[in-house]
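Remarks on the structure that follows.
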Amino acid sequence: MSEKRLYHTVARAILDMIESGSYPPGTRLPGERELAERFGVSRVVVREAEISLEAVGRVEIKVGSGVYVRDSLASGGLALPGVTPFELTQTRLLFESECAALAATTITDDQIAGLEATVKKMANASHDSPDGEAADQDFHMLIAKATGNEANVFMLQTLWRMRTEIAAVKRVYSAVCHKDSDHRVNEHSEVMEALRRRDPDAARAAMRGHFSRLLSALLDASEQQAIEDAKRKSHENRERYLRTNIGA
């Protein structure tokens with residue numbers, strides 16, 4: 001067998017090890033020597049196999065440390081774009097409003113019960129508790145799943161990654177959601193009730209209303225942050241120039 005075919009075979013074998021759960025995300029794969037002995041190939045072939053897996057995002061090669069398994073969702077070839085909180089929220093408004101309308105035609109009683117449970121968790125969560133955010137995520141994910149379309153689920157998972165993994169987005173969202181918990185409960189309840197009635201138009205409108213209000217809150221938070229930054233910069237300049245004047 002040619003070396004080219006051989007490293008493809010070894011890459012597939014390593015991928016099987018990962019997907020079987022033997023090496024979950026974050027764990028280090030066995031060293032080159034051990035893998036070479038396991039598969040009866042040279043270390044060069046193992047190295048080529050690992051490089052090919054890194055190219056498709058399934059592992060990360062850290063020089064001097066080893067080869068580490070990456071999360072399959074995070075490594076699906078989808079690098080997160082540098083979006084702003086407003087861009088993300090606009091996309092969520094467009095996408096999730098239509099998901100809600102579609103879900104209204106397919107949602108089951110059990111899924112409605114699941115939404116009720118998440119709204120109760122939001123209502124009972126304290127302002128600074130991670131439980132409220134987890135319930136928020138579960139609510140939106142349940143709606144995506146209720147559409148019966150796995151592509152919608154995947155898209156929402158990716159959008160949620162942007163919300164939690166892009167530092168600037170996470171910071172602004174966290175500030176808004178900390179102050180906005182009452183609005184969040186009421187708005188999610190409106191979406192849930194529209195879904196309970198199996199009313200696509202009402203579900204779409206309720207979800208659009210939720211994100212429209214969120215966009216406004218994000219703008220307010222951004223303006224406040226800009227004011228605080230300007231005040232801090234002005235204070236720093238004042239201190240610097242006053243020190244210069246004193247030393248003159």
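Residue numbering restarts at 1 for every chain of the structure tokens, chains are lettered A, B, ... in their displayed order, and ligands are numbered from 1 as they appear.
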Can you tell me, as a short mmCIF file (atom, residue, chain, number, x, y, z; two decimals) with N, CA, C and O atoms, in the first residue's frame, what residues are no more than 8 Å from segment 187-202 of chain A when counting only C-alpha atoms, ignoring any on the same chain fewer than 6 positions away?
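Now in out07.cif:
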data_model
loop_
_atom_site.label_atom_id
_atom_site.label_comp_id
_atom_site.auth_asym_id
_atom_site.auth_seq_id
_atom_site.Cartn_x
_atom_site.Cartn_y
_atom_site.Cartn_z
N ALA A 100 -39.54 29.90 14.99
CA ALA A 100 -40.71 29.89 15.87
C ALA A 100 -41.99 29.67 15.08
O ALA A 100 -42.88 28.91 15.49
N ALA A 101 -42.08 30.34 13.91
CA ALA A 101 -43.27 30.18 13.08
C ALA A 101 -43.40 28.74 12.59
O ALA A 101 -44.51 28.16 12.59
N LEU A 102 -42.28 28.14 12.19
CA LEU A 102 -42.31 26.75 11.73
C LEU A 102 -42.62 25.80 12.88
O LEU A 102 -43.43 24.87 12.74
N ALA A 103 -41.99 26.06 14.04
CA ALA A 103 -42.22 25.19 15.20
C ALA A 103 -43.68 25.18 15.62
O ALA A 103 -44.19 24.17 16.13
N ALA A 104 -44.38 26.30 15.42
CA ALA A 104 -45.79 26.37 15.81
C ALA A 104 -46.64 25.34 15.07
O ALA A 104 -47.70 24.94 15.54
N THR A 105 -46.17 24.91 13.91
CA THR A 105 -46.93 23.93 13.11
C THR A 105 -46.54 22.49 13.42
O THR A 105 -47.21 21.56 12.95
N ILE A 107 -44.78 21.55 16.77
CA ILE A 107 -44.40 21.31 18.16
C ILE A 107 -45.36 20.36 18.86
O ILE A 107 -46.58 20.35 18.58
N ILE A 112 -43.85 21.53 24.44
CA ILE A 112 -44.44 22.68 25.13
C ILE A 112 -44.15 22.60 26.62
O ILE A 112 -43.79 23.60 27.27
N LEU A 115 -40.69 23.74 27.28
CA LEU A 115 -40.58 25.20 27.26
C LEU A 115 -41.08 25.80 28.57
O LEU A 115 -40.48 26.75 29.10
N GLU A 116 -42.16 25.27 29.09
CA GLU A 116 -42.69 25.76 30.36
C GLU A 116 -41.66 25.61 31.48
O GLU A 116 -41.48 26.51 32.30
N VAL A 119 -38.95 28.29 31.17
CA VAL A 119 -39.43 29.62 31.58
C VAL A 119 -39.49 29.72 33.10
O VAL A 119 -39.12 30.75 33.70
N GLY A 209 -40.44 40.45 18.43
CA GLY A 209 -40.54 41.46 19.49
C GLY A 209 -39.46 41.27 20.54
O GLY A 209 -38.86 42.25 21.02
N HIS A 210 -39.18 40.02 20.88
CA HIS A 210 -38.13 39.72 21.86
C HIS A 210 -36.79 40.24 21.38
O HIS A 210 -36.07 40.94 22.12
#
For this session: Name the residues of segment 42-235 of chain A that come out as strand (DSSP E) in a backbone DSSP run; write them as a PyMOL selection string.
Result: chain A and resi 59-62+66-69
Would you mind exporting the chosen residues as a PDB file, in the first residue's frame, restricted to C-alpha atoms?
ATOM      1  CA  VAL A  59      -7.163  17.658  16.395  1.00  0.00           C
ATOM      2  CA  GLU A  60      -4.727  20.387  17.411  1.00  0.00           C
ATOM      3  CA  ILE A  61      -0.987  19.757  17.248  1.00  0.00           C
ATOM      4  CA  LYS A  62       0.867  21.570  20.021  1.00  0.00           C
ATOM      5  CA  GLY A  66       1.337  16.580  21.869  1.00  0.00           C
ATOM      6  CA  VAL A  67      -1.784  16.185  19.777  1.00  0.00           C
ATOM      7  CA  TYR A  68      -5.102  17.106  21.381  1.00  0.00           C
ATOM      8  CA  VAL A  69      -8.658  16.262  20.366  1.00  0.00           C
TER       9      VAL A  69
END
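Rounded to one decimal, atom CA of Ala125 of chain A and atom CA of Leu142 of chain A lie 19.0 Å from each other.
Closest approach to Asp220 of chain A among A:Arg161, A:Phe86, A:Val153, A:Met207 is made by A:Phe86 (distances from only C-alpha atoms).
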Seminar exercise, completed: Of A:Leu15, A:Val46, A:Val172, A:Ala135, the one sitting nearest Glu32 of chain A when using only C-alpha atoms is A:Val46
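Proximity of A:Val41, A:Leu53, A:Arg70, A:Tyr7 to Gly26 of chain A, computed with only C-alpha atoms, is greatest for A:Arg70.
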Exercise. In segment 9-226 of chain A, what's helix (DSSP H, G or I) per DSSP? Answer as a PyMOL selection string?
Worked result: chain A and resi 9-19+32-39+43-55+85-103+109-124+130-146+150-165+167-179+181-196+200-226
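Distances from A:Ser212, A:Lys233, A:Ala49, A:Ala151 to Gln90 of chain A were compared using only C-alpha atoms, and the smallest one belongs to A:Ser212.
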For this session: Please provide the set of residues having any atom within 12 Å of Ala13 of chain A, restricted to only C-alpha atoms, with same-chain residues fewer than 2 positions apart removed, written as a PyMOL selection string.
Result: chain A and resi 6-11+15-20+35-36+38-39+46+49-50+53
For the residues in the current selection, export C-alpha atoms as a tab-separated table (two decimals), in the first residue's frame.
chain	number	residue	atom	x	y	z
A	6	LEU	CA	-1.54	4.43	4.31
A	7	TYR	CA	-1.74	7.76	6.11
A	8	HIS	CA	-5.40	8.09	5.04
A	9	THR	CA	-6.07	4.69	6.60
A	10	VAL	CA	-4.29	5.67	9.81
A	11	ALA	CA	-6.15	9.00	9.93
A	15	LEU	CA	-10.77	9.34	13.91
A	16	ASP	CA	-12.59	6.13	14.82
A	17	MET	CA	-10.80	6.19	18.19
A	18	ILE	CA	-11.96	9.75	18.76
A	19	GLU	CA	-15.56	9.18	17.68
A	20	SER	CA	-15.83	6.04	19.83
A	35	LEU	CA	0.45	4.93	17.51
A	36	ALA	CA	3.07	3.76	15.03
A	38	ARG	CA	-0.35	0.11	17.29
A	39	PHE	CA	-1.00	0.52	13.56
A	46	VAL	CA	1.37	8.78	11.88
A	49	ALA	CA	-2.25	11.33	9.46
A	50	GLU	CA	-2.32	13.77	12.39
A	53	LEU	CA	-6.77	15.56	10.90
